[in-house]
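Text of data_8.txt, listed as compact mmCIF, C-alpha atoms:
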# COMPACT_ATOMS: atom_id res chain seq x y z
CA MET A 1 97.55 -68.06 -11.49
CA LYS A 2 95.61 -64.90 -12.33
CA LEU A 3 95.27 -62.03 -9.83
CA LEU A 4 92.88 -59.17 -10.56
CA PHE A 5 93.03 -55.84 -8.73
CA LEU A 6 90.38 -53.11 -8.74
CA ASN A 7 89.54 -50.01 -6.74
CA ALA A 8 85.81 -50.70 -6.96
CA GLN A 9 84.51 -47.45 -5.41
CA ALA A 10 81.62 -49.49 -3.94
CA ILE A 11 81.40 -53.21 -4.70
CA SER A 12 77.61 -52.96 -4.90
CA THR A 13 77.76 -50.86 -8.11
CA ALA A 14 80.75 -52.61 -9.72
CA TYR A 15 79.67 -56.17 -8.85
CA GLN A 16 77.98 -57.34 -12.07
CA GLN A 17 80.65 -56.01 -14.42
CA LEU A 18 83.39 -57.31 -12.13
CA VAL A 19 81.88 -60.82 -12.22
CA HIS A 20 81.78 -60.64 -16.01
CA ILE A 21 85.49 -59.75 -16.17
CA VAL A 22 86.38 -62.46 -13.65
CA ASN A 23 84.58 -65.08 -15.74
CA SER A 24 86.01 -63.80 -19.03
CA TYR A 25 89.61 -64.01 -17.83
CA ASP A 26 89.20 -67.04 -15.54
CA VAL A 27 90.54 -65.11 -12.55
CA ASP A 28 91.72 -67.03 -9.48
CA ILE A 29 91.96 -64.24 -6.89
CA VAL A 30 90.32 -60.79 -6.83
CA CYS A 31 91.87 -57.98 -4.74
CA LEU A 32 89.65 -55.00 -3.94
CA ASN A 33 90.04 -51.47 -2.59
CA GLU A 34 87.22 -49.13 -1.56
CA THR A 35 84.62 -51.84 -1.16
CA HIS A 36 82.42 -49.37 0.81
CA GLN A 37 81.04 -52.30 2.77
CA GLU A 38 79.14 -51.75 6.00
CA GLU A 39 81.23 -52.09 9.15
CA ASN A 40 79.26 -55.00 10.62
CA LYS A 41 78.38 -56.75 7.37
CA LYS A 42 80.49 -59.51 5.80
CA LEU A 43 81.42 -58.92 2.15
CA THR A 44 80.38 -61.67 -0.27
CA PHE A 45 81.60 -62.36 -3.81
CA LEU A 46 80.01 -65.21 -5.77
CA ASP A 47 80.49 -68.32 -3.63
CA TRP A 48 84.19 -67.61 -3.08
CA GLN A 49 86.13 -67.36 0.17
CA VAL A 50 86.58 -63.72 1.23
CA PHE A 51 89.07 -62.08 3.59
CA ASP A 52 87.83 -58.53 4.16
CA LYS A 53 88.33 -55.55 6.40
CA PRO A 54 85.76 -52.72 6.35
CA ARG A 55 86.66 -49.17 7.29
CA LYS A 56 85.77 -48.46 10.91
CA GLY A 57 84.16 -45.30 12.20
CA ARG A 58 83.28 -43.66 8.88
CA LYS A 59 81.95 -44.50 5.44
CA GLY A 60 83.98 -45.47 2.40
CA GLY A 61 87.23 -47.41 2.23
CA GLY A 62 87.42 -51.12 2.86
CA VAL A 63 89.74 -53.80 1.45
CA ALA A 64 89.20 -57.45 0.51
CA ILE A 65 90.77 -60.55 -1.04
CA CYS A 66 88.34 -62.93 -2.78
CA ILE A 67 89.57 -66.47 -3.51
CA ASN A 68 88.10 -68.93 -6.00
CA THR A 69 87.92 -72.05 -3.81
CA HIS A 70 86.91 -74.20 -6.79
CA LYS A 71 90.53 -74.16 -7.97
CA THR A 72 92.59 -77.11 -6.70
CA ASN A 73 96.10 -75.99 -7.62
CA PHE A 74 96.54 -73.63 -4.65
CA THR A 75 95.35 -73.02 -1.10
CA VAL A 76 95.02 -69.72 0.76
CA THR A 77 95.20 -68.86 4.46
CA LYS A 78 94.71 -65.56 6.24
CA CYS A 79 97.91 -63.65 7.11
CA THR A 80 97.84 -61.04 9.88
CA ASP A 81 101.56 -60.18 9.91
CA PHE A 82 101.15 -57.05 7.76
CA GLU A 83 97.99 -55.71 9.40
CA ASP A 84 97.97 -52.56 11.51
CA THR A 85 95.30 -50.27 12.94
CA ASN A 86 96.99 -47.21 11.39
CA TYR A 87 96.11 -48.14 7.79
CA GLU A 88 93.67 -50.29 5.83
CA SER A 89 95.01 -53.61 4.58
CA VAL A 90 94.28 -57.31 4.32
CA ALA A 91 96.76 -60.08 3.54
CA ALA A 92 96.84 -63.78 2.69
CA THR A 93 99.43 -66.53 2.26
CA ILE A 94 99.16 -68.60 -0.92
CA HIS A 95 100.55 -72.16 -1.21
CA THR A 96 100.65 -73.52 -4.79
CA ASP A 97 100.89 -77.10 -6.03
CA ASN A 98 104.33 -76.21 -7.39
CA ASN A 99 105.60 -75.85 -3.82
CA ILE A 100 105.73 -72.04 -4.09
CA ILE A 101 104.61 -69.93 -1.12
CA PHE A 102 104.07 -66.17 -1.28
CA ASN A 103 102.21 -63.50 0.66
CA LEU A 104 99.63 -61.25 -0.98
CA LEU A 105 99.11 -57.84 0.63
CA VAL A 106 96.23 -55.55 -0.41
CA PRO A 107 96.44 -52.07 1.18
CA TYR A 108 94.51 -48.89 0.46
CA ILE A 109 96.07 -45.47 1.13
CA PRO A 110 93.73 -42.47 0.62
CA PRO A 111 95.02 -39.32 -1.14
CA GLU A 112 97.28 -37.09 0.97
CA GLU A 113 97.55 -39.75 3.73
CA THR A 114 101.31 -40.03 3.40
CA LYS A 115 101.68 -40.82 7.10
CA GLN A 116 99.67 -44.01 6.57
CA LEU A 117 101.91 -44.90 3.62
CA GLU A 118 105.05 -44.38 5.72
CA GLU A 119 103.64 -46.65 8.42
CA LEU A 120 102.72 -49.27 5.82
CA THR A 121 106.18 -49.32 4.19
CA THR A 122 107.90 -49.41 7.59
CA LYS A 123 105.73 -52.36 8.65
CA VAL A 124 106.39 -54.26 5.41
CA GLN A 125 110.17 -53.77 5.73
CA LYS A 126 110.09 -55.02 9.30
CA VAL A 127 108.01 -58.10 8.46
CA GLN A 128 110.06 -59.00 5.38
CA GLN A 129 113.30 -59.00 7.35
CA ASN A 130 112.09 -62.10 9.21
CA ASN A 131 109.90 -63.54 6.44
CA LYS A 132 111.33 -65.95 3.86
CA HIS A 133 108.24 -65.87 1.64
CA GLU A 134 107.98 -63.80 -1.50
CA LEU A 135 105.60 -60.82 -1.40
CA ILE A 136 103.16 -59.25 -3.84
CA ILE A 137 101.53 -55.90 -2.99
CA MET A 138 98.45 -54.82 -4.97
CA GLY A 139 96.74 -51.61 -3.97
CA ASP A 140 95.69 -48.04 -4.69
CA LEU A 141 98.54 -46.19 -2.98
CA ASN A 142 97.85 -42.81 -4.62
CA ALA A 143 101.59 -42.67 -5.32
CA LYS A 144 102.82 -40.95 -8.48
CA SER A 145 106.34 -41.29 -9.83
CA LEU A 146 108.18 -40.85 -13.10
CA GLU A 147 109.47 -44.38 -12.56
CA TRP A 148 106.08 -45.98 -13.26
CA ASN A 149 105.14 -43.53 -16.01
CA ASN A 150 103.42 -40.64 -14.23
CA ASP A 151 104.22 -37.16 -15.49
CA LYS A 152 105.30 -36.04 -12.01
CA THR A 153 106.30 -37.39 -8.61
CA ASN A 154 104.29 -36.64 -5.45
CA LYS A 155 105.17 -37.17 -1.78
CA ALA A 156 103.62 -40.65 -1.77
CA GLY A 157 105.63 -41.52 -4.88
CA GLU A 158 108.87 -40.50 -3.15
CA ILE A 159 107.99 -42.75 -0.20
CA ILE A 160 107.41 -45.72 -2.52
CA GLU A 161 110.63 -44.97 -4.46
CA ASN A 162 112.62 -45.03 -1.22
CA PHE A 163 110.80 -48.20 -0.16
CA LEU A 164 111.70 -49.93 -3.44
CA THR A 165 115.33 -48.83 -3.10
CA LYS A 166 115.64 -50.23 0.43
CA THR A 167 113.84 -53.52 -0.25
CA ASP A 168 114.88 -54.14 -3.89
CA MET A 169 111.19 -54.68 -4.69
CA LEU A 170 109.94 -53.84 -8.19
CA CYS A 171 106.86 -52.14 -9.64
CA VAL A 172 105.65 -54.25 -12.58
CA ASN A 173 102.81 -52.06 -13.90
CA ASP A 174 102.70 -51.78 -17.69
CA GLY A 175 102.76 -47.96 -17.55
CA GLN A 176 99.12 -47.50 -18.57
CA PRO A 177 96.96 -45.07 -16.53
CA THR A 178 94.93 -46.84 -13.86
CA ARG A 179 92.22 -44.14 -13.69
CA ARG A 180 89.98 -43.28 -16.61
CA ASN A 181 90.37 -39.90 -18.35
CA THR A 182 93.64 -39.20 -16.52
CA LYS A 183 97.34 -39.97 -16.88
CA SER A 184 97.60 -41.23 -13.30
CA VAL A 185 99.26 -44.57 -12.52
CA ILE A 186 98.38 -44.93 -8.82
CA ASP A 187 97.09 -48.52 -8.53
CA LEU A 188 100.35 -50.42 -8.22
CA VAL A 189 101.58 -54.01 -8.37
CA ILE A 190 104.83 -54.35 -6.40
CA ILE A 191 106.77 -57.61 -6.07
CA THR A 192 109.92 -58.99 -4.48
CA PRO A 193 112.88 -59.41 -6.91
CA SER A 194 112.78 -63.23 -6.82
CA THR A 195 109.21 -63.12 -8.14
CA ILE A 196 110.02 -61.25 -11.37
CA SER A 197 110.79 -64.46 -13.28
CA LYS A 198 107.36 -65.80 -12.32
CA VAL A 199 105.40 -62.78 -13.65
CA HIS A 200 104.05 -63.89 -17.01
CA ASN A 201 102.12 -60.68 -17.65
CA CYS A 202 100.81 -57.55 -15.90
CA SER A 203 98.15 -55.72 -17.93
CA THR A 204 95.94 -52.71 -17.27
CA LEU A 205 92.58 -53.71 -18.81
CA VAL A 206 91.76 -50.31 -20.31
CA HIS A 207 89.33 -51.89 -22.78
CA GLU A 208 87.14 -53.41 -20.05
CA ASN A 209 84.25 -51.25 -18.86
CA ILE A 210 83.33 -51.17 -15.17
CA ARG A 211 81.37 -48.78 -12.96
CA SER A 212 84.38 -47.22 -11.29
CA ASP A 213 86.75 -44.54 -12.52
CA HIS A 214 89.61 -46.93 -11.79
CA ILE A 215 90.73 -49.67 -14.21
CA CYS A 216 91.30 -53.37 -13.48
CA ILE A 217 94.87 -54.69 -13.40
CA LEU A 218 95.40 -58.36 -14.32
CA THR A 219 98.62 -60.05 -13.17
CA GLU A 220 99.44 -63.56 -14.39
CA LEU A 221 101.92 -65.65 -12.42
CA ASP A 222 103.67 -68.82 -13.50
CA VAL A 223 103.51 -70.49 -10.06
CA CYS A 224 101.16 -73.47 -10.46
CA LYS A 225 102.00 -76.82 -12.07
CA LYS A 226 98.61 -77.34 -13.67
CA GLU A 227 98.65 -73.95 -15.37
CA GLN A 228 102.23 -73.80 -16.63
CA ASN A 229 101.34 -75.40 -19.95
CA ASN A 230 98.38 -73.04 -20.47
CA LEU A 231 99.95 -69.68 -19.66
CA THR A 232 101.43 -69.19 -23.11
CA LYS A 233 98.28 -70.22 -24.97
CA ARG A 234 95.70 -67.80 -26.31
CA LYS A 235 92.45 -68.31 -28.19
CA VAL A 236 91.59 -66.62 -31.48
CA TRP A 237 88.20 -66.38 -33.19
CA GLN A 238 88.03 -68.27 -36.49
CA ILE A 239 86.14 -65.55 -38.37
CA ASN A 240 86.89 -67.11 -41.76
CA LYS A 241 84.83 -70.20 -40.83
CA VAL A 242 81.67 -68.42 -39.63
CA ASP A 243 78.25 -69.40 -40.96
CA TRP A 244 76.86 -65.86 -41.30
CA ASN A 245 73.25 -67.02 -41.81
CA LYS A 246 73.45 -68.85 -38.49
CA TRP A 247 75.05 -65.75 -36.96
CA LYS A 248 72.13 -63.58 -38.11
CA GLU A 249 69.51 -65.99 -36.73
CA GLN A 250 71.24 -66.41 -33.36
CA ALA A 251 71.94 -62.68 -33.03
CA GLU A 252 68.28 -61.81 -33.63
CA LYS A 253 67.21 -64.37 -31.03
CA ASN A 254 69.63 -63.05 -28.41
CA MET A 255 68.65 -59.42 -29.11
CA GLU A 256 64.98 -60.28 -28.63
CA GLU A 257 65.81 -61.90 -25.27
CA MET A 258 67.77 -58.81 -24.28
CA LEU A 259 64.85 -56.51 -25.10
CA LEU A 260 62.41 -58.73 -23.18
CA ASN A 261 64.63 -58.67 -20.10
CA ASN A 262 65.20 -54.90 -20.36
CA PRO A 263 61.95 -53.48 -21.77
CA SER A 264 62.34 -49.83 -20.72
CA ASN A 265 65.84 -49.19 -19.46
CA ASP A 266 67.03 -45.59 -19.77
CA ASN A 267 70.44 -46.19 -18.21
CA VAL A 268 73.00 -45.96 -21.03
CA ASP A 269 75.66 -47.98 -19.19
CA GLU A 270 73.29 -50.85 -18.47
CA VAL A 271 71.93 -50.87 -22.04
CA TYR A 272 75.51 -51.00 -23.34
CA GLN A 273 76.41 -53.89 -21.04
CA SER A 274 73.27 -55.81 -22.06
CA LEU A 275 74.03 -55.28 -25.75
CA LYS A 276 77.64 -56.37 -25.25
CA ALA A 277 76.50 -59.48 -23.35
CA ALA A 278 74.13 -60.41 -26.21
CA ILE A 279 76.90 -60.06 -28.80
CA ASP A 280 79.37 -62.01 -26.65
CA LYS A 281 76.83 -64.78 -26.21
CA THR A 282 76.26 -64.97 -29.98
CA MET A 283 79.99 -65.17 -30.60
CA GLN A 284 80.36 -68.02 -28.11
CA GLU A 285 77.46 -69.92 -29.72
CA VAL A 286 78.38 -69.44 -33.40
CA ILE A 287 82.09 -68.69 -33.84
CA CYS A 288 84.67 -71.39 -33.14
CA GLN A 289 87.88 -70.62 -31.27
CA LYS A 290 91.33 -72.04 -31.83
CA GLU A 291 94.15 -72.22 -29.30
CA MET A 292 97.34 -70.52 -30.40
CA LYS A 293 100.66 -71.01 -28.67
CA GLU A 294 102.58 -67.79 -28.23
CA LYS A 295 106.30 -67.83 -28.79
CA LYS A 296 108.31 -66.25 -26.02
CA SER A 297 111.01 -63.95 -27.28
CA THR A 298 114.49 -65.16 -26.34
CA LYS A 299 116.35 -62.44 -28.25
CA PRO A 300 118.74 -60.15 -26.34
CA PRO A 301 117.76 -56.46 -25.94
CA TRP A 302 120.24 -55.23 -28.58
CA TRP A 303 118.65 -57.41 -31.32
CA ASN A 304 117.33 -55.11 -34.08
CA TYR A 305 115.86 -55.30 -37.58
CA ASP A 306 119.23 -55.50 -39.39
CA VAL A 307 120.42 -58.35 -37.15
CA ASN A 308 117.12 -60.14 -37.67
CA GLN A 309 117.42 -59.88 -41.47
CA ALA A 310 121.03 -61.09 -41.37
CA LYS A 311 119.96 -64.07 -39.26
CA LYS A 312 117.19 -64.96 -41.72
CA ASN A 313 119.67 -64.81 -44.58
CA LEU A 314 122.10 -67.00 -42.63
CA ASN A 315 119.37 -69.57 -41.97
CA TYR A 316 118.54 -69.64 -45.69
CA LYS A 317 122.22 -70.13 -46.70
CA GLN A 318 122.55 -72.93 -44.13
CA ARG A 319 119.56 -74.74 -45.65
CA GLN A 320 120.98 -74.32 -49.15
CA TYR A 321 124.34 -75.72 -48.07
CA ARG A 322 122.71 -78.73 -46.38
CA LYS A 323 120.81 -79.49 -49.59
CA ARG A 324 123.84 -79.12 -51.90
CA ASN A 325 127.32 -79.32 -50.41
CA ILE A 326 129.08 -77.46 -53.22
CA PRO A 327 131.82 -74.74 -53.14
CA GLN A 328 129.48 -71.95 -54.27
CA ASN A 329 127.02 -72.66 -51.40
CA LYS A 330 129.91 -72.99 -48.93
CA GLU A 331 131.25 -69.56 -49.95
CA ALA A 332 127.77 -67.99 -49.67
CA LEU A 333 127.38 -69.51 -46.20
CA VAL A 334 130.71 -68.10 -44.99
CA THR A 335 129.74 -64.65 -46.32
CA ALA A 336 126.35 -64.82 -44.54
CA GLU A 337 128.05 -65.84 -41.28
CA GLU A 338 130.47 -62.90 -41.49
CA LYS A 339 127.63 -60.45 -42.23
CA PHE A 340 125.61 -61.77 -39.28
CA GLU A 341 128.57 -61.36 -36.90
CA ASN A 342 129.23 -57.82 -38.19
CA GLU A 343 125.58 -56.81 -37.77
CA LYS A 344 125.55 -58.24 -34.24
CA GLU A 345 128.68 -56.30 -33.26
CA LYS A 346 127.30 -53.06 -34.74
CA ALA A 347 123.92 -53.53 -32.96
CA MET A 348 125.62 -54.18 -29.60
CA ASN A 349 127.81 -51.08 -29.98
CA ASP A 350 124.81 -48.89 -30.91
CA TRP A 351 122.84 -50.26 -27.99
CA SER A 352 125.68 -49.62 -25.52
CA GLU A 353 126.10 -46.04 -26.78
CA HIS A 354 122.36 -45.46 -26.34
CA LEU A 355 122.51 -46.62 -22.73
CA VAL A 356 125.50 -44.43 -21.95
CA ASP A 357 123.73 -41.41 -23.51
CA GLN A 358 120.66 -42.07 -21.37
CA ILE A 359 122.73 -41.93 -18.18
CA ASN A 360 124.97 -39.01 -19.20
CA THR A 361 122.04 -36.76 -20.18
CA SER A 362 120.47 -37.00 -16.71
CA ARG A 363 120.11 -33.51 -15.27
CA ASN A 364 120.40 -34.27 -11.55
CA SER A 365 121.25 -37.04 -9.11
CA LYS A 366 117.60 -38.10 -8.73
CA GLU A 367 117.25 -38.49 -12.49
CA VAL A 368 120.50 -40.49 -12.65
CA TRP A 369 119.21 -42.88 -10.00
CA THR A 370 115.75 -43.22 -11.62
CA THR A 371 117.30 -43.86 -15.04
CA TYR A 372 119.80 -46.30 -13.59
CA LYS A 373 117.09 -48.39 -11.92
CA LYS A 374 115.17 -48.55 -15.19
CA LEU A 375 118.23 -49.63 -17.12
CA THR A 376 119.00 -52.49 -14.73
CA LYS A 377 115.46 -53.76 -14.17
CA LYS A 378 114.40 -57.02 -15.79
CA LYS A 379 111.14 -55.98 -17.41
CA ASP A 380 109.91 -56.66 -20.95
CA CYS A 381 108.07 -53.35 -21.42
CA ASN A 382 110.91 -50.97 -20.42
CA THR A 383 111.01 -47.81 -22.49
CA ILE A 384 114.78 -47.89 -21.97
CA LEU A 385 116.58 -51.12 -22.86
CA PRO A 386 117.61 -53.03 -19.72
CA LEU A 387 121.20 -54.02 -19.05
CA ILE A 388 120.50 -57.74 -19.10
CA ASP A 389 122.24 -60.70 -20.67
CA GLN A 390 119.96 -63.13 -22.49
CA ASP A 391 117.72 -64.96 -19.98
CA ASP A 392 119.96 -63.81 -17.11
CA PRO A 393 119.44 -61.48 -14.13
CA PRO A 394 120.35 -57.79 -14.52
CA ALA A 395 123.99 -57.38 -15.48
CA PHE A 396 124.80 -55.28 -12.40
CA SER A 397 124.71 -56.58 -8.84
CA ASN A 398 123.68 -54.37 -5.93
CA GLN A 399 127.34 -53.88 -5.03
CA GLU A 400 128.13 -52.74 -8.57
CA LYS A 401 125.16 -50.36 -8.52
CA CYS A 402 126.38 -48.84 -5.27
CA LYS A 403 129.87 -48.49 -6.72
CA ILE A 404 128.60 -46.43 -9.65
CA LEU A 405 126.30 -44.37 -7.41
CA GLN A 406 129.14 -43.71 -4.99
CA LYS A 407 131.33 -42.38 -7.79
CA THR A 408 128.48 -40.41 -9.37
CA PHE A 409 127.27 -38.68 -6.21
CA PHE A 410 130.52 -38.31 -4.25
CA GLU A 411 133.29 -38.18 -6.84
CA GLY A 412 131.62 -36.82 -9.97
CA LYS A 413 130.99 -38.63 -13.23
CA HIS A 414 134.70 -38.96 -14.12
CA LEU A 415 135.91 -41.97 -12.13
CA LYS A 416 139.09 -41.46 -10.13
CA THR A 417 139.44 -44.91 -8.59
CA ASP A 418 138.22 -48.45 -8.93
CA GLU A 419 138.19 -49.04 -5.18
CA PHE A 420 134.85 -49.88 -3.63
CA ASP A 421 133.75 -48.53 -0.26
CA GLU A 422 132.20 -51.46 1.65
CA GLU A 423 130.95 -49.10 4.36
CA PHE A 424 129.04 -47.05 1.78
CA TYR A 425 127.45 -50.22 0.42
CA LYS A 426 126.29 -51.29 3.91
CA GLN A 427 124.80 -47.83 4.55
CA THR A 428 122.80 -47.90 1.31
CA GLN A 429 121.40 -51.32 2.17
CA GLU A 430 120.31 -50.08 5.61
Would you kindly transcribe this structure into structure tokens?
Amino acid sequence: MKLLFLNAQAISTAYQQLVHIVNSYDVDIVCLNETHQEENKKLTFLDWQVFDKPRKGRKGGGVAICINTHKTNFTVTKCTDFEDTNYESVAATIHTDNNIIFNLLVPYIPPEETKQLEELTTKVQKVQQNNKHELIIMGDLNAKSLEWNNDKTNKAGEIIENFLTKTDMLCVNDGQPTRRNTKSVIDLVIITPSTISKVHNCSTLVHENIRSDHICILTELDVCKKEQNNLTKRKVWQINKVDWNKWKEQAEKNMEEMLLNNPSNDNVDEVYQSLKAAIDKTMQEVICQKEMKEKKSTKPPWWNYDVNQAKKNLNYKQRQYRKRNIPQNKEALVTAEEKFENEKEKAMNDWSEHLVDQINTSRNSKEVWTTYKKLTKKKDCNTILPLIDQDDPPAFSNQEKCKILQKTFFEGKHLKTDEFDEEFYKQTQE
């Protein structure tokens, strides 16, 4: 399932380019902020089902969830549990054909409206206490934090950090800026911990042009039966098999059509989009595509170049020994096995030392906590290697995290005891 989020800054101006992106990526659900729809006018998007909420009393704002009802592998119903008059939000409950149910919440928090953000996070915590469904939040929260790759933390960012700590939810952004010509990561995708294994990819589509200074975020979830076999497949253009004479003829034809449809257009953005559409059309008509199956990496985080080379050498010696079971090949195989084990041990030791250095060089308690969360988060694109066993959850449980934090903040970095304060653990969870 593919979810696309965008702060559109008026759906009327972003509509055409948004439709193009939706079709290009075969998006299932579109989540929107700042639709700028009129208060008494229903928002429409293609022929899809739309749950929307315009801003009341003044212009701007507005949130919406648009659902592709042509898809048969999931159903969507409106969810009002998270709604409140104190902030803008819309929510839906998604049921997939794989018997997975989760809530999708799309809020919008304007800049400096930290009170609205506090009310939103309080409401979500309250609802989730009695809600067994997983939750995905996609919205422009105007929250900056070092944790999701901003260069500073603002008040809204501190609120979200505290919210993530209390709920164990995770921000899965890829760290790319979500506003053009800035370093700001303020459009966030936040999920419950049990959903992390279902997130196939979360990408900021910086290369896609749209008439908004915000950038689309595409999140792919492995939650539907019919799509599980297709999630790891990608298509590549077979450039080496192109008939370039046919390309030239078709390109000229499509360019002529473009000029006829746009005889005197002075808008640079629209001319660019028309030109891009003509080229894309020519590519679809002339160049063949081939499906490629991507290999998921199953290597542990400490796996490095030296280990990889030792493993390749071991594989080669194993093949040689299978072909000719002679003493010389047996001896070479044993040597390769020993070298591989030595390289693995060295890589694991180096990796562990790196993690310890990252924690010990933290300058204050806040930095220790931020670093610690990064180290124990299961996320492929971490800048710091996560403490995770291969294909397993994070190596530390919440109790173990609290134990280390207790000793760090209340007893100093040099541990005096191995006892664990259950009362402290309960307080941190509350």
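Reported to one decimal place, the separation of atom CA of Gln9 of chain A from atom CA of Asn154 of chain A is 22.5 Å.
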Self-check item: Point-to-point distance in Å for atom CA of Asp140 of chain A and atom CA of Leu188 of chain A
Solution: 6.3 Å
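In this comparison, which uses all atoms listed in the file, the residue of A:Lys311, A:Lys42, A:Arg58, A:His207 approaching Lys339 of chain A most closely is A:Lys311.
Between atom CA of Lys183 of chain A and atom CA of Glu147 of chain A the interatomic distance comes to 13.6 Å.
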Practice problem: For Lys344 of chain A, work out the shell of residues within 7 Å, counting all atoms listed in the file and skipping chain neighbours fewer than 4 positions away, then give it as a list of chain:residue names. | Solution: A:Val307, A:Phe340, A:Met348
Non-local contacts of Arg180 of chain A (9 Å; only C-alpha atoms; under 4 positions in same chain excluded) as an mmCIF file with C-alpha atoms, keeping the file's coordinate frame:
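Final output, around-v8.cif:
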data_model
loop_
_atom_site.group_PDB
_atom_site.id
_atom_site.type_symbol
_atom_site.label_atom_id
_atom_site.label_comp_id
_atom_site.auth_asym_id
_atom_site.auth_seq_id
_atom_site.Cartn_x
_atom_site.Cartn_y
_atom_site.Cartn_z
ATOM 1 C CA SER A 184 97.600 -41.230 -13.300
ATOM 2 C CA VAL A 206 91.760 -50.310 -20.310
ATOM 3 C CA SER A 212 84.380 -47.220 -11.290
ATOM 4 C CA ASP A 213 86.750 -44.540 -12.520
ATOM 5 C CA HIS A 214 89.610 -46.930 -11.790
ATOM 6 C CA ILE A 215 90.730 -49.670 -14.210
#
Quiz prompt | Within 10 Å of segment 120-122 of chain A using only C-alpha atoms, minus same-chain residues under 6 positions, as JSON, numbers by chain | solution = {"A": [82, 83, 84, 86, 87, 88, 89, 107, 108, 109, 114, 159, 160, 162, 163, 164, 167]}
Quiz item: Around (107.6, -60.2, -4.1) in the file's own coordinates, what residues are found within 9 Å if you use all atoms listed in the file, given back as a PyMOL selection string?
Solution: chain A and resi 102-104+133-137+169-170+190-196
Practice problem: List every protein, DNA or RNA residue with an atom no more than 9 Å from (84.9, -53.7, 6.5) in the file's coordinates, counting only C-alpha atoms, and format the result as number ranges by chain. | Solution: A: 35-43, 52-56, 61-64
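You can rank A:His354, A:Lys2, A:Ile21, A:Gln320 by their closest distance to Ala277 of chain A using all atoms listed in the file, and at the top of that list sits A:Ile21.
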Could you work out an axis-aligned bounding box for all listed atoms of segment 161-174 of chain A, with 4 Å added on each of the six sides, and give its centre and edge lengths in Å to one decimal, as lines of an AutoDock Vina configuration file?
center_x = 109.2
center_y = -49.8
center_z = -8.6
size_x = 20.9
size_y = 17.7
size_z = 26.1
Quiz item: Taking only C-alpha atoms into account, which of A:Glu270, A:Asp97, A:Asp26, A:Glu161 comes nearest Cys224 of chain A?
Solution: A:Asp97
Quiz item: Residues at most 10 Å from Asn73 of chain A, counting all atoms listed in the file, excluding those fewer than 4 positions away in the same chain, as a list in words?
Solution: Met1, Thr69, His95, Thr96, Asp97, Asn98, Val223, Cys224, Lys225, Lys226 and Glu227 of chain A
Since we have the selection now, will you write its residues out, keeping C-alpha atoms, as a PDB file, in the coordinates of the input?
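Contents of again-v7.pdb, freshly written:
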ATOM      1  CA  MET A   1      97.550 -68.060 -11.490  1.00  0.00           C
ATOM      2  CA  THR A  69      87.920 -72.050  -3.810  1.00  0.00           C
ATOM      3  CA  HIS A  95     100.550 -72.160  -1.210  1.00  0.00           C
ATOM      4  CA  THR A  96     100.650 -73.520  -4.790  1.00  0.00           C
ATOM      5  CA  ASP A  97     100.890 -77.100  -6.030  1.00  0.00           C
ATOM      6  CA  ASN A  98     104.330 -76.210  -7.390  1.00  0.00           C
ATOM      7  CA  VAL A 223     103.510 -70.490 -10.060  1.00  0.00           C
ATOM      8  CA  CYS A 224     101.160 -73.470 -10.460  1.00  0.00           C
ATOM      9  CA  LYS A 225     102.000 -76.820 -12.070  1.00  0.00           C
ATOM     10  CA  LYS A 226      98.610 -77.340 -13.670  1.00  0.00           C
ATOM     11  CA  GLU A 227      98.650 -73.950 -15.370  1.00  0.00           C
TER      12      GLU A 227
END
Practice problem: Name the residues in contact with Asn209 of chain A at a cut-off of 10 Å, using all atoms listed in the file, excluding same-chain residues fewer than 5 positions from it; report them as a PyMOL selection string. | Solution: chain A and resi 14+17-18+21+214-216+269+272-273
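The smallest atom-to-atom distance between Trp247 of chain A and any of A:Gln284, A:Gln116, A:Asn149, A:Ser203, using all atoms listed in the file, is found for A:Gln284.
Across A:Gln125, A:Asn130, A:Thr178, A:Thr93, the tightest approach to Asn7 of chain A is made by A:Thr178 when counting all atoms listed in the file.
Of the residues listed (A:Glu343, A:Lys59, A:Asn33, A:Val236), A:Asn33 shows the shortest atom-to-atom separation from Met138 of chain A; distances use all atoms listed in the file.
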Save segment 348-352 of chain A of the structure in the block above to a file, with N, CA, C and O atoms included, as a compact mmCIF listing (two decimals), in the first residue's frame.
# COMPACT_ATOMS: atom_id res chain seq x y z
N MET A 348 32.83 -6.84 14.59
CA MET A 348 31.89 -6.69 15.71
C MET A 348 32.50 -5.86 16.83
O MET A 348 31.83 -5.01 17.43
N ASN A 349 33.80 -6.08 17.10
CA ASN A 349 34.47 -5.30 18.15
C ASN A 349 34.56 -3.82 17.76
O ASN A 349 34.31 -2.93 18.58
N ASP A 350 34.94 -3.55 16.50
CA ASP A 350 35.02 -2.17 16.02
C ASP A 350 33.67 -1.48 16.10
O ASP A 350 33.56 -0.31 16.49
N TRP A 351 32.64 -2.21 15.71
CA TRP A 351 31.28 -1.65 15.72
C TRP A 351 30.85 -1.31 17.14
O TRP A 351 30.30 -0.25 17.41
N SER A 352 31.12 -2.23 18.08
CA SER A 352 30.74 -2.01 19.48
C SER A 352 31.47 -0.80 20.05
O SER A 352 30.87 0.02 20.76
